[in-house]
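Chemist: My questions will all concern the structure given below.
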Number of protein chains: 2
Amino acid sequence: MRFHSPAIQYFHAVRRTGSIRAAARVLNVASSAVSRQILKLEQEIGSPLFERTARGLTLTTVGEMLARHVMNVLQDLDRFRSDVQSLSGTWHGTVTIACIESLTESVLPDLIASHRGRARRVNFTTEVKGSSDVLEALSRGEADIGIAMALRHPPDLRQVALKRFRLGAVVAREHPLARRKTVTLTQCLAFPVIHALPELSIYHLLQPLIAQLSETPEPAIQANSIDLMRELAARGVGVAFQTQLGIGRLSRDGQLVFLPLDNAGSPVWSDLGIYVRAERTLPAYTESFLQELVRELGERERRENAAHPQVA
Amino acid sequence: MRFHSPAIQYFHAVRRTGSIRAAARVLNVASSAVSRQILKLEQEIGSPLFERTARGLTLTTVGEMLARHVMNVLQDLDRFRSDVQSLSGTWHGTVTIACIESLTESVLPDLIASHRGRARRVNFTTEVKGSSDVLEALSRGEADIGIAMALRHPPDLRQVALKRFRLGAVVAREHPLARRKTVTLTQCLAFPVIHALPELSIYHLLQPLIAQLSETPEPAIQANSIDLMRELAARGVGVAFQTQLGIGRLSRDGQLVFLPLDNAGSPVWSDLGIYVRAERTLPAYTESFLQELVRELGERERRENAAHPQVA
DNA sequence: CAGGTTGATGCCGTTTCGGCAACAGCTATA
DNA sequence: TATAGCTGTTGCCGAAACGGCATCAACCTG
């Protein structure tokens, strides 16, 4: 089902690989064929699409415009294919997800497992990245669904849903703080803290609050892995900071305690956004998973806010 | 700039014309070429796209899915073209508008004239239809912007704006009713009325109200042309019903008087919707005109509701 | 039944496409 | 500084796709 002109697909491959010869290898054709299709496109449009550097090609402004069009075409082709297949009963395709690390502990594995229980032939590709990288991958068409901290998102993305979770301190069961209902930042800083590095978005949530304090002690440990931070906290090394999303299993086992953070009497929120390319209609199987994702995150938001009612 | 495979464009032409030979004439190619491209498409997709009847082709379900995809591709190609052109300064292209008749007296001519004053190379095609035909033309990709009574719109359309205007009686200056501020339906029915035929949406706004009345006199005149109804009212033949949008010039000249209609103490609203295909990003010049249209209709809505404040 | 459609097909020239090999330009490495 | 490895481009040529013409069977309309 490849009824679009080769030029479109070759262009797409060249844009992704950044090189004509690399694209040719991926496409299993000679590099000359790829080169000629690109040259033909540039002639028909009347403007160069790439800047030729010594080690590859970079998109020009016009090239980026064409890239957007080609992405729209190819993604809509996927949707068409899925529409045709869903007519004959079975779904199959691949859902590509780009998300931040806090989802990998429980939300995503639960959802994917349950979804594959029902739709066996829908495959998943998941890539964990930082929030801004998630949005970028989505813009470049390298992912279908993105989950990231709700930053200002570029106009070519659409925010499908916005869920807010309380940021809290995470400590081991035996930790002196563990018996409290909520904690303040000052109370936490009396103990060794496990702080996130700037590449994690928790850093940007906490940094402004810490900066307001009079004294800012050195963090005992800094890390860029939520998994590592969680396991360290479980071993009593110190106080980590997370939303409850990221510590599901250890919390259920009773090893970790989640203490909602209070800052000057009000909760600290971590906004999680679900994103999709705006100029796009999703394939049926992707849309279906997206709906479940939104529902599940909404459910967790509701449950957690009920478990930790807001301090008025 | 025709870098999409001929199959796409041939399919599009066949869908529009409903016949292979007719499509071939439009495309200036032999009918055999068109026939073969369609057959090739059907073979690659693995399902017939058309049902062959004695006098032409009709889309199958799969065909309609492909039609949707092809429409998305070709409309997005238009947008890409406009993006490239706007890079080199000048805009040119054609904005196709499908709208109901009430816009033709003043709103559309004013807007188009003023827009062409600024963007000389943007052309317009305007087609006047009934409300449901407007939506249908939009769905079929035969228009870029649709203006119609705000009915329930199909999911493939997006309602860009919704403006409400008061429905009123329209009478000549010398008419006995002309000195009133507002009128009720019963007051109007004491005089000869010029009623809309069912193909106009005013009919469907008024009919339920008339049906509630105890006595429903024969309408003096029935017509399907707003222009005709307006001119008849101006000649004192009877009472017509319209929003003020449709009687701009004659109202300014003082020949016609607009009397907001009261029904059981509350106004009768006529909702006007502005529509666009949902799965589509408009070319820059179309988007620009759309913005002006929304602004202008909002402005008129504001002015008219200020001129005829709602009876509490 | 005849005269007009309709879409499909076999034949054939033209165009386009793709593979191979060679080329020039650049970078990194020895 | 020379060399090896990469880049994209270009002639040449065979293969595949495309399009035009004439023809066919099936159908509707007089």
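For the structure tokens, the naming scheme is as follows: chains receive sequential letters (A, B, ...) according to their order of presentation, residues are indexed from 1 within each chain, and ligands are indexed from 1 in presentation order.
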I'd like the neighbourhood of range 6-12 of chain C as a PyMOL selection string, where a residue qualifies if any of its atoms comes within 10 Å (using only C-alpha atoms (C1' of nucleotides)), though same-chain residues fewer than 5 positions away should be ignored.
Modeler: (chain B and resi 19-21+31-32+35-36+39+52-57) or (chain D and resi 20-28)
Chemist: Pull C-alpha atoms (C1' of nucleotides) from the residues just selected and write them as a compact mmCIF listing (two decimals), in the first residue's frame.
Modeler:
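Output below, filename part.txt:
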```txt
# COMPACT_ATOMS: atom_id res chain seq x y z
CA SER B 19 -16.96 8.83 -13.84
CA ILE B 20 -13.63 7.72 -15.24
CA ARG B 21 -14.14 9.20 -18.65
CA SER B 31 -9.50 7.38 -19.99
CA SER B 32 -7.45 4.21 -20.10
CA SER B 35 -8.85 3.43 -15.39
CA ARG B 36 -5.54 1.72 -14.88
CA LEU B 39 -7.35 -0.50 -10.78
CA ARG B 52 -19.24 0.18 -11.06
CA THR B 53 -22.73 1.04 -12.12
CA ALA B 54 -23.94 1.40 -15.66
CA ARG B 55 -23.51 5.17 -15.70
CA GLY B 56 -20.54 5.81 -13.51
CA LEU B 57 -18.76 5.02 -10.28
C1' DG D 20 -2.39 7.14 -25.95
C1' DC D 21 -4.99 4.57 -29.43
C1' DA D 22 -8.11 1.33 -30.86
C1' DT D 23 -11.18 -2.13 -29.48
C1' DC D 24 -14.17 -4.83 -26.59
C1' DA D 25 -18.33 -6.18 -23.79
C1' DA D 26 -21.96 -4.46 -20.92
C1' DC D 27 -25.42 -1.31 -20.13
C1' DC D 28 -29.10 2.41 -20.62
```
Chemist: Just need the residues of chain C within 7 Å of chain A, counting only C-alpha atoms (C1' of nucleotides), so spit them out as number ranges by chain.
Modeler: C: 18-19, 26
Chemist: Contacts of DG5 in chain D at 12 Å or less, counting only C-alpha atoms (C1' of nucleotides), minus same-chain residues fewer than 2 places along, as a PyMOL selection string?
Modeler: (chain A and resi 55) or (chain C and resi 26-29) or (chain D and resi 3+7)
Chemist: Selected residues, all heavy atoms, written as a CSV table (one decimal), in the first residue's frame, please.
Modeler:
```csv
chain,number,residue,atom,x,y,z
A,55,ARG,N,29.1,16.8,6.1
A,55,ARG,CA,28.8,15.5,6.6
A,55,ARG,C,27.2,15.3,6.7
A,55,ARG,O,26.7,14.9,7.7
A,55,ARG,CB,29.4,15.2,7.9
A,55,ARG,CG,29.1,16.2,9.1
A,55,ARG,CD,29.6,15.6,10.4
A,55,ARG,NE,31.1,15.9,10.6
A,55,ARG,CZ,32.0,15.1,10.1
A,55,ARG,NH1,31.7,13.9,9.6
A,55,ARG,NH2,33.3,15.4,10.3
C,26,DC,P,35.3,22.0,-0.5
C,26,DC,OP1,34.5,23.2,-0.3
C,26,DC,OP2,36.7,22.1,-1.1
C,26,DC,O5',35.4,21.1,0.8
C,26,DC,C5',34.2,20.8,1.5
C,26,DC,C4',34.3,19.6,2.4
C,26,DC,O4',34.8,18.5,1.6
C,26,DC,C3',35.4,19.7,3.5
C,26,DC,O3',34.8,20.1,4.7
C,26,DC,C2',36.1,18.4,3.6
C,26,DC,C1',35.4,17.5,2.5
C,26,DC,N1,36.3,16.7,1.7
C,26,DC,C2,36.4,15.3,2.1
C,26,DC,O2,35.7,14.9,3.0
C,26,DC,N3,37.2,14.5,1.4
C,26,DC,C4,37.9,15.0,0.4
C,26,DC,N4,38.7,14.2,-0.3
C,26,DC,C5,37.8,16.4,0.0
C,26,DC,C6,37.0,17.2,0.7
C,27,DT,P,35.7,20.4,6.0
C,27,DT,OP1,34.9,21.2,6.9
C,27,DT,OP2,37.0,20.9,5.5
C,27,DT,O5',35.9,18.9,6.6
C,27,DT,C5',34.8,18.1,6.9
C,27,DT,C4',35.2,16.9,7.7
C,27,DT,O4',35.9,15.9,6.7
C,27,DT,C3',36.2,17.1,8.8
C,27,DT,O3',35.8,16.3,9.9
C,27,DT,C2',37.5,16.7,8.2
C,27,DT,C1',37.1,15.6,7.3
C,27,DT,N1,38.0,15.4,6.1
C,27,DT,C2,38.4,14.1,5.8
C,27,DT,O2,38.1,13.1,6.4
C,27,DT,N3,39.3,14.0,4.7
C,27,DT,C4,39.7,15.1,3.9
C,27,DT,O4,40.4,14.9,2.9
C,27,DT,C5,39.2,16.4,4.3
C,27,DT,C7,39.6,17.6,3.5
C,27,DT,C6,38.4,16.5,5.3
C,28,DA,P,36.4,16.6,11.4
C,28,DA,OP1,35.3,16.7,12.3
C,28,DA,OP2,37.4,17.7,11.3
C,28,DA,O5',37.2,15.3,11.6
C,28,DA,C5',36.5,14.0,11.4
C,28,DA,C4',37.5,12.9,11.3
C,28,DA,O4',38.2,13.0,10.1
C,28,DA,C3',38.6,12.9,12.4
C,28,DA,O3',38.8,11.6,12.8
C,28,DA,C2',39.9,13.4,11.7
C,28,DA,C1',39.6,12.9,10.3
C,28,DA,N9,40.3,13.7,9.3
C,28,DA,C8,40.3,15.1,9.1
C,28,DA,N7,41.0,15.5,8.1
C,28,DA,C5,41.4,14.4,7.5
C,28,DA,C6,42.2,14.2,6.3
C,28,DA,N6,42.7,15.2,5.6
C,28,DA,N1,42.5,12.9,6.0
C,28,DA,C2,42.0,11.9,6.8
C,28,DA,N3,41.3,12.0,7.9
C,28,DA,C4,41.0,13.3,8.2
C,29,DT,P,39.6,11.3,14.2
C,29,DT,OP1,38.7,10.5,15.1
C,29,DT,OP2,40.2,12.5,14.7
C,29,DT,O5',40.7,10.3,13.7
C,29,DT,C5',40.5,9.4,12.7
C,29,DT,C4',41.8,8.9,12.0
C,29,DT,O4',42.2,9.9,11.0
C,29,DT,C3',43.0,8.9,13.0
C,29,DT,O3',43.7,7.7,12.8
C,29,DT,C2',43.8,10.1,12.6
C,29,DT,C1',43.5,10.1,11.1
C,29,DT,N1,43.8,11.5,10.5
C,29,DT,C2,44.5,11.5,9.3
C,29,DT,O2,44.9,10.5,8.7
C,29,DT,N3,44.7,12.8,8.8
C,29,DT,C4,44.3,14.0,9.4
C,29,DT,O4,44.5,15.1,8.9
C,29,DT,C5,43.6,13.8,10.6
C,29,DT,C7,43.1,15.1,11.4
C,29,DT,C6,43.4,12.6,11.1
D,3,DT,P,49.6,9.0,-0.4
D,3,DT,OP1,50.6,8.1,-0.9
D,3,DT,OP2,48.8,9.9,-1.3
D,3,DT,O5',48.5,8.3,0.5
D,3,DT,C5',48.8,8.0,1.9
D,3,DT,C4',47.6,7.6,2.6
D,3,DT,O4',47.0,8.8,3.2
D,3,DT,C3',46.5,7.0,1.7
D,3,DT,O3',45.9,5.9,2.4
D,3,DT,C2',45.5,8.1,1.5
D,3,DT,C1',45.6,8.8,2.8
D,3,DT,N1,45.1,10.2,2.9
D,3,DT,C2,44.4,10.7,3.9
D,3,DT,O2,44.1,10.0,4.9
D,3,DT,N3,44.0,12.0,3.9
D,3,DT,C4,44.3,12.9,2.8
D,3,DT,O4,43.9,14.0,2.9
D,3,DT,C5,45.0,12.3,1.7
D,3,DT,C7,45.4,13.2,0.6
D,3,DT,C6,45.4,11.1,1.8
D,7,DT,P,28.3,8.6,4.4
D,7,DT,OP1,27.2,8.6,5.4
D,7,DT,OP2,28.5,7.6,3.4
D,7,DT,O5',28.2,10.0,3.6
D,7,DT,C5',28.1,11.2,4.3
D,7,DT,C4',28.3,12.4,3.4
D,7,DT,O4',29.6,12.3,2.9
D,7,DT,C3',27.4,12.5,2.2
D,7,DT,O3',26.2,13.0,2.6
D,7,DT,C2',28.2,13.4,1.3
D,7,DT,C1',29.7,13.0,1.6
D,7,DT,N1,30.3,12.1,0.6
D,7,DT,C2,30.8,12.6,-0.5
D,7,DT,O2,30.8,13.8,-0.8
D,7,DT,N3,31.3,11.6,-1.3
D,7,DT,C4,31.4,10.2,-1.1
D,7,DT,O4,31.9,9.5,-2.0
D,7,DT,C5,30.8,9.8,0.1
D,7,DT,C7,30.8,8.3,0.4
D,7,DT,C6,30.3,10.7,0.9
```
Chemist: Env of range 153-166 of chain B: 9 Å cut, atoms = only C-alpha atoms (C1' of nucleotides), seq-sep filter 3 positions within chain, self excluded. Answer as a PyMOL selection string.
Modeler: chain B and resi 132+135-136+138-139+150+242-245+260-261+267-279+290+294+297-298+300-301+304-305+308
Chemist: Define the interface residues of chain B facing chain A as those within 8 Å, counting only C-alpha atoms, and report them as JSON, numbers by chain.
Modeler: {"B": [1, 2, 3, 4, 5, 7, 8, 41, 44, 45, 62, 65, 66, 69, 72, 73, 76, 77, 80, 83, 84, 279, 280, 281]}
Chemist: So that I have them on file, write out the residues from the current selection with C-alpha atoms, as a CSV table (one decimal), in the first residue's frame.
Modeler:
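Output (out.csv):
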```csv
chain,number,residue,atom,x,y,z
B,1,MET,CA,4.6,21.3,-7.9
B,2,ARG,CA,2.8,18.0,-8.4
B,3,PHE,CA,4.9,15.6,-6.5
B,4,HIS,CA,2.1,13.3,-5.5
B,5,SER,CA,1.6,10.2,-7.5
B,7,ALA,CA,-3.0,7.8,-8.7
B,8,ILE,CA,-3.9,10.2,-5.9
B,41,LEU,CA,-5.0,1.5,-6.3
B,44,GLU,CA,-2.6,-2.4,-3.8
B,45,ILE,CA,-5.3,-1.7,-1.1
B,62,VAL,CA,-13.1,1.8,1.7
B,65,MET,CA,-12.0,6.3,3.6
B,66,LEU,CA,-9.4,6.8,0.9
B,69,HIS,CA,-7.2,10.7,3.2
B,72,ASN,CA,-6.5,15.7,3.7
B,73,VAL,CA,-3.4,15.3,1.5
B,76,ASP,CA,-2.6,20.2,3.1
B,77,LEU,CA,-0.6,20.5,-0.1
B,80,PHE,CA,2.1,24.0,2.0
B,83,ASP,CA,3.3,28.7,3.2
B,84,VAL,CA,6.1,28.6,0.6
B,279,GLU,CA,-8.8,17.6,9.7
B,280,ARG,CA,-7.2,20.5,8.0
B,281,THR,CA,-4.9,23.4,8.5
```
Chemist: To test your reading of the structure, identify every residue in range 39-253 of chain B that backbone DSSP assigns to strand (DSSP E or B), and report it as a ChimeraX atom specification.
Modeler: /B:50-53,56-59,93-99,122-128,145-149,157-172,183-184,193-196,221-223,239-243
Chemist: Check range 10-209 of chain B with DSSP on the backbone and list each residue it calls alpha helix (DSSP H), as JSON, numbers by chain.
Modeler: {"B": [10, 11, 12, 13, 14, 15, 16, 17, 20, 21, 22, 23, 24, 25, 26, 27, 31, 32, 33, 34, 35, 36, 37, 38, 39, 40, 41, 42, 43, 44, 45, 61, 62, 63, 64, 65, 66, 67, 68, 69, 70, 71, 72, 73, 74, 75, 76, 77, 78, 79, 80, 81, 82, 83, 84, 85, 86, 87, 107, 108, 109, 110, 111, 112, 113, 114, 115, 116, 117, 118, 131, 132, 133, 134, 135, 136, 137, 138, 139, 185, 186, 187, 188, 189, 201, 202, 203, 204, 205, 206, 207, 208, 209]}
Chemist: Please compute the CA of Ala113 in chain A-CA of Ile247 in chain A distance, one decimal, in Å.
Modeler: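 According to the coordinates, CA of Ala113 in chain A and CA of Ile247 in chain A are separated by 18.5 Å.
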Chemist: Which of these residues is nearest to chain D, using only C-alpha atoms (C1' of nucleotides): A:Ala22, A:Val257, A:Val122, A:Ala13?
Modeler: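 Checking each of A:Ala22, A:Val257, A:Val122, A:Ala13 against chain D, counting only C-alpha atoms (C1' of nucleotides), the winner is A:Ala22.
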Chemist: For CA of Pro208 in chain B and CA of Gly265 in chain B, determine how far apart the two atoms are, in Å to one decimal place.
Modeler: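 Here the two named atoms are 16.1 Å from each other.
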Chemist: Hey, list the chain D side of the contact with chain A: 10 Å cut-off, only C-alpha atoms (C1' of nucleotides), answer as an mmCIF file with all heavy atoms, in the first residue's frame.
Modeler:
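result38.cif written:
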```
data_model
loop_
_atom_site.group_PDB
_atom_site.id
_atom_site.type_symbol
_atom_site.label_atom_id
_atom_site.label_comp_id
_atom_site.auth_asym_id
_atom_site.auth_seq_id
_atom_site.Cartn_x
_atom_site.Cartn_y
_atom_site.Cartn_z
ATOM 1 P P DC D 6 33.343 4.764 5.712
ATOM 2 O OP1 DC D 6 32.747 4.260 6.950
ATOM 3 O OP2 DC D 6 33.538 3.872 4.534
ATOM 4 O "O5'" DC D 6 32.505 6.022 5.211
ATOM 5 C "C5'" DC D 6 31.976 6.927 6.171
ATOM 6 C "C4'" DC D 6 31.941 8.323 5.626
ATOM 7 O "O4'" DC D 6 33.128 8.614 4.882
ATOM 8 C "C3'" DC D 6 30.852 8.600 4.601
ATOM 9 O "O3'" DC D 6 29.598 8.763 5.232
ATOM 10 C "C2'" DC D 6 31.340 9.922 4.025
ATOM 11 C "C1'" DC D 6 32.869 9.782 4.098
ATOM 12 N N1 DC D 6 33.528 9.638 2.774
ATOM 13 C C2 DC D 6 33.769 10.772 2.006
ATOM 14 O O2 DC D 6 33.430 11.889 2.443
ATOM 15 N N3 DC D 6 34.364 10.655 0.796
ATOM 16 C C4 DC D 6 34.715 9.444 0.350
ATOM 17 N N4 DC D 6 35.307 9.378 -0.839
ATOM 18 C C5 DC D 6 34.491 8.262 1.114
ATOM 19 C C6 DC D 6 33.890 8.408 2.306
ATOM 20 P P DT D 7 28.304 8.615 4.386
ATOM 21 O OP1 DT D 7 27.192 8.562 5.352
ATOM 22 O OP2 DT D 7 28.501 7.551 3.374
ATOM 23 O "O5'" DT D 7 28.230 10.011 3.613
ATOM 24 C "C5'" DT D 7 28.075 11.224 4.348
ATOM 25 C "C4'" DT D 7 28.308 12.402 3.441
ATOM 26 O "O4'" DT D 7 29.646 12.340 2.901
ATOM 27 C "C3'" DT D 7 27.430 12.470 2.210
ATOM 28 O "O3'" DT D 7 26.168 13.011 2.553
ATOM 29 C "C2'" DT D 7 28.232 13.430 1.334
ATOM 30 C "C1'" DT D 7 29.684 13.005 1.650
ATOM 31 N N1 DT D 7 30.265 12.072 0.645
ATOM 32 C C2 DT D 7 30.792 12.570 -0.513
ATOM 33 O O2 DT D 7 30.785 13.758 -0.799
ATOM 34 N N3 DT D 7 31.334 11.619 -1.348
ATOM 35 C C4 DT D 7 31.391 10.246 -1.132
ATOM 36 O O4 DT D 7 31.899 9.489 -1.952
ATOM 37 C C5 DT D 7 30.800 9.803 0.103
ATOM 38 C C7 DT D 7 30.800 8.337 0.428
ATOM 39 C C6 DT D 7 30.274 10.710 0.928
ATOM 40 P P DG D 8 24.884 12.557 1.749
ATOM 41 O OP1 DG D 8 23.721 13.027 2.498
ATOM 42 O OP2 DG D 8 25.035 11.124 1.414
ATOM 43 O "O5'" DG D 8 24.986 13.396 0.402
ATOM 44 C "C5'" DG D 8 25.016 14.824 0.472
ATOM 45 C "C4'" DG D 8 25.357 15.397 -0.894
ATOM 46 O "O4'" DG D 8 26.576 14.784 -1.364
ATOM 47 C "C3'" DG D 8 24.298 15.127 -1.969
ATOM 48 O "O3'" DG D 8 24.124 16.283 -2.770
ATOM 49 C "C2'" DG D 8 24.893 13.986 -2.780
ATOM 50 C "C1'" DG D 8 26.378 14.247 -2.662
ATOM 51 N N9 DG D 8 27.167 13.018 -2.772
ATOM 52 C C8 DG D 8 27.062 11.888 -2.005
ATOM 53 N N7 DG D 8 27.897 10.950 -2.354
ATOM 54 C C5 DG D 8 28.597 11.489 -3.408
ATOM 55 C C6 DG D 8 29.633 10.935 -4.195
ATOM 56 O O6 DG D 8 30.156 9.818 -4.102
ATOM 57 N N1 DG D 8 30.071 11.822 -5.178
ATOM 58 C C2 DG D 8 29.567 13.083 -5.365
ATOM 59 N N2 DG D 8 30.093 13.799 -6.363
ATOM 60 N N3 DG D 8 28.595 13.624 -4.641
ATOM 61 C C4 DG D 8 28.164 12.770 -3.684
ATOM 62 P P DT D 9 23.071 16.268 -3.986
ATOM 63 O OP1 DT D 9 22.513 17.629 -4.107
ATOM 64 O OP2 DT D 9 22.176 15.121 -3.789
ATOM 65 O "O5'" DT D 9 23.980 15.997 -5.268
ATOM 66 C "C5'" DT D 9 25.045 16.893 -5.554
ATOM 67 C "C4'" DT D 9 25.783 16.447 -6.812
ATOM 68 O "O4'" DT D 9 26.441 15.182 -6.554
ATOM 69 C "C3'" DT D 9 24.889 16.220 -8.036
ATOM 70 O "O3'" DT D 9 25.426 16.954 -9.138
ATOM 71 C "C2'" DT D 9 24.948 14.721 -8.265
ATOM 72 C "C1'" DT D 9 26.312 14.364 -7.695
ATOM 73 N N1 DT D 9 26.463 12.957 -7.240
ATOM 74 C C2 DT D 9 27.420 12.163 -7.807
ATOM 75 O O2 DT D 9 28.173 12.555 -8.682
ATOM 76 N N3 DT D 9 27.486 10.885 -7.326
ATOM 77 C C4 DT D 9 26.679 10.326 -6.340
ATOM 78 O O4 DT D 9 26.822 9.168 -5.985
ATOM 79 C C5 DT D 9 25.687 11.210 -5.780
ATOM 80 C C7 DT D 9 24.761 10.727 -4.711
ATOM 81 C C6 DT D 9 25.619 12.466 -6.243
ATOM 82 P P DT D 10 24.504 17.136 -10.447
ATOM 83 O OP1 DT D 10 24.777 18.499 -10.971
ATOM 84 O OP2 DT D 10 23.131 16.713 -10.113
ATOM 85 O "O5'" DT D 10 25.122 16.066 -11.443
ATOM 86 C "C5'" DT D 10 26.518 16.026 -11.683
ATOM 87 C "C4'" DT D 10 26.876 14.890 -12.625
ATOM 88 O "O4'" DT D 10 27.014 13.649 -11.877
ATOM 89 C "C3'" DT D 10 25.847 14.601 -13.720
ATOM 90 O "O3'" DT D 10 26.524 14.360 -14.940
ATOM 91 C "C2'" DT D 10 25.160 13.337 -13.237
ATOM 92 C "C1'" DT D 10 26.334 12.633 -12.560
ATOM 93 N N1 DT D 10 25.939 11.607 -11.553
ATOM 94 C C2 DT D 10 26.688 10.451 -11.462
ATOM 95 O O2 DT D 10 27.653 10.225 -12.156
ATOM 96 N N3 DT D 10 26.240 9.576 -10.505
ATOM 97 C C4 DT D 10 25.143 9.735 -9.666
ATOM 98 O O4 DT D 10 24.845 8.879 -8.860
ATOM 99 C C5 DT D 10 24.418 10.966 -9.829
ATOM 100 C C7 DT D 10 23.227 11.235 -8.977
ATOM 101 C C6 DT D 10 24.838 11.833 -10.750
#
```
Chemist: Tell me which protein, DNA and RNA residues are within 10 Å of DT15 in chain C, counting only C-alpha atoms (C1' of nucleotides), leaving out same-chain ones fewer than 6 positions away, and put them as a PyMOL selection string.
Modeler: chain D and resi 17-19
Chemist: Take the residues from that selection and put them in a file with C-alpha atoms (C1' of nucleotides), as a PDB file, in the first residue's frame.
Modeler:
```pdb
ATOM      1  C1'  DA D  17       5.769   2.515 -15.059  1.00  0.00           C
ATOM      2  C1'  DC D  18       2.927   5.592 -17.624  1.00  0.00           C
ATOM      3  C1'  DG D  19      -0.056   7.210 -21.238  1.00  0.00           C
TER       4       DG D  19
END
```
Chemist: Give me, please, the distance in Å between CA of Leu205 in chain A and CA of Phe241 in chain A, quoted to one decimal.
Modeler: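 Going from CA of Leu205 in chain A over to CA of Phe241 in chain A covers 10.1 Å.
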Chemist: List the neighbours of Leu293 in chain B out to 10 Å using only C-alpha atoms (C1' of nucleotides); skip same-chain residues closer than 4 positions along the sequence, and give me the result as a ChimeraX atom specification.
Modeler: /B:107-108,111-112,145,147,161,274,287-289,297-299
Chemist: For the residues in that selection, give me N, CA and C atoms as a PDB file, in the first residue's frame.
Modeler:
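And here is the file that came out, again-v7.pdb:
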```
ATOM      1  N   VAL B 107     -22.670  41.465   4.591  1.00  0.00           N
ATOM      2  CA  VAL B 107     -21.494  40.947   5.287  1.00  0.00           C
ATOM      3  C   VAL B 107     -20.411  40.509   4.309  1.00  0.00           C
ATOM      4  N   LEU B 108     -20.770  39.576   3.419  1.00  0.00           N
ATOM      5  CA  LEU B 108     -19.754  39.031   2.522  1.00  0.00           C
ATOM      6  C   LEU B 108     -19.219  40.057   1.525  1.00  0.00           C
ATOM      7  N   LEU B 111     -16.797  42.348   3.275  1.00  0.00           N
ATOM      8  CA  LEU B 111     -15.551  41.706   3.681  1.00  0.00           C
ATOM      9  C   LEU B 111     -14.660  41.395   2.490  1.00  0.00           C
ATOM     10  N   ILE B 112     -15.262  40.829   1.455  1.00  0.00           N
ATOM     11  CA  ILE B 112     -14.457  40.452   0.295  1.00  0.00           C
ATOM     12  C   ILE B 112     -13.844  41.685  -0.355  1.00  0.00           C
ATOM     13  N   ILE B 145     -14.465  27.476   3.594  1.00  0.00           N
ATOM     14  CA  ILE B 145     -15.139  28.067   4.742  1.00  0.00           C
ATOM     15  C   ILE B 145     -16.641  27.956   4.527  1.00  0.00           C
ATOM     16  N   ILE B 147     -20.560  28.990   6.066  1.00  0.00           N
ATOM     17  CA  ILE B 147     -21.354  29.771   7.017  1.00  0.00           C
ATOM     18  C   ILE B 147     -22.784  29.290   6.888  1.00  0.00           C
ATOM     19  N   ALA B 161     -16.761  29.400  15.026  1.00  0.00           N
ATOM     20  CA  ALA B 161     -17.416  30.426  15.834  1.00  0.00           C
ATOM     21  C   ALA B 161     -18.917  30.228  15.765  1.00  0.00           C
ATOM     22  N   ILE B 274     -19.826  29.308  11.879  1.00  0.00           N
ATOM     23  CA  ILE B 274     -18.777  29.347  10.864  1.00  0.00           C
ATOM     24  C   ILE B 274     -18.030  28.031  10.951  1.00  0.00           C
ATOM     25  N   GLU B 287      -6.846  31.428   6.208  1.00  0.00           N
ATOM     26  CA  GLU B 287      -6.916  31.662   7.650  1.00  0.00           C
ATOM     27  C   GLU B 287      -7.100  33.148   7.934  1.00  0.00           C
ATOM     28  N   SER B 288      -6.383  33.954   7.204  1.00  0.00           N
ATOM     29  CA  SER B 288      -6.480  35.399   7.407  1.00  0.00           C
ATOM     30  C   SER B 288      -7.906  35.889   7.158  1.00  0.00           C
ATOM     31  N   PHE B 289      -8.494  35.428   6.059  1.00  0.00           N
ATOM     32  CA  PHE B 289      -9.867  35.857   5.772  1.00  0.00           C
ATOM     33  C   PHE B 289     -10.830  35.327   6.823  1.00  0.00           C
ATOM     34  N   LEU B 297     -18.365  39.260  12.064  1.00  0.00           N
ATOM     35  CA  LEU B 297     -19.649  38.755  12.540  1.00  0.00           C
ATOM     36  C   LEU B 297     -19.806  39.004  14.038  1.00  0.00           C
ATOM     37  N   GLY B 298     -18.708  38.902  14.771  1.00  0.00           N
ATOM     38  CA  GLY B 298     -18.763  39.199  16.197  1.00  0.00           C
ATOM     39  C   GLY B 298     -19.116  40.650  16.425  1.00  0.00           C
ATOM     40  N   GLU B 299     -18.542  41.498  15.591  1.00  0.00           N
ATOM     41  CA  GLU B 299     -18.807  42.938  15.685  1.00  0.00           C
ATOM     42  C   GLU B 299     -20.282  43.232  15.425  1.00  0.00           C
TER      43      GLU B 299
END
```
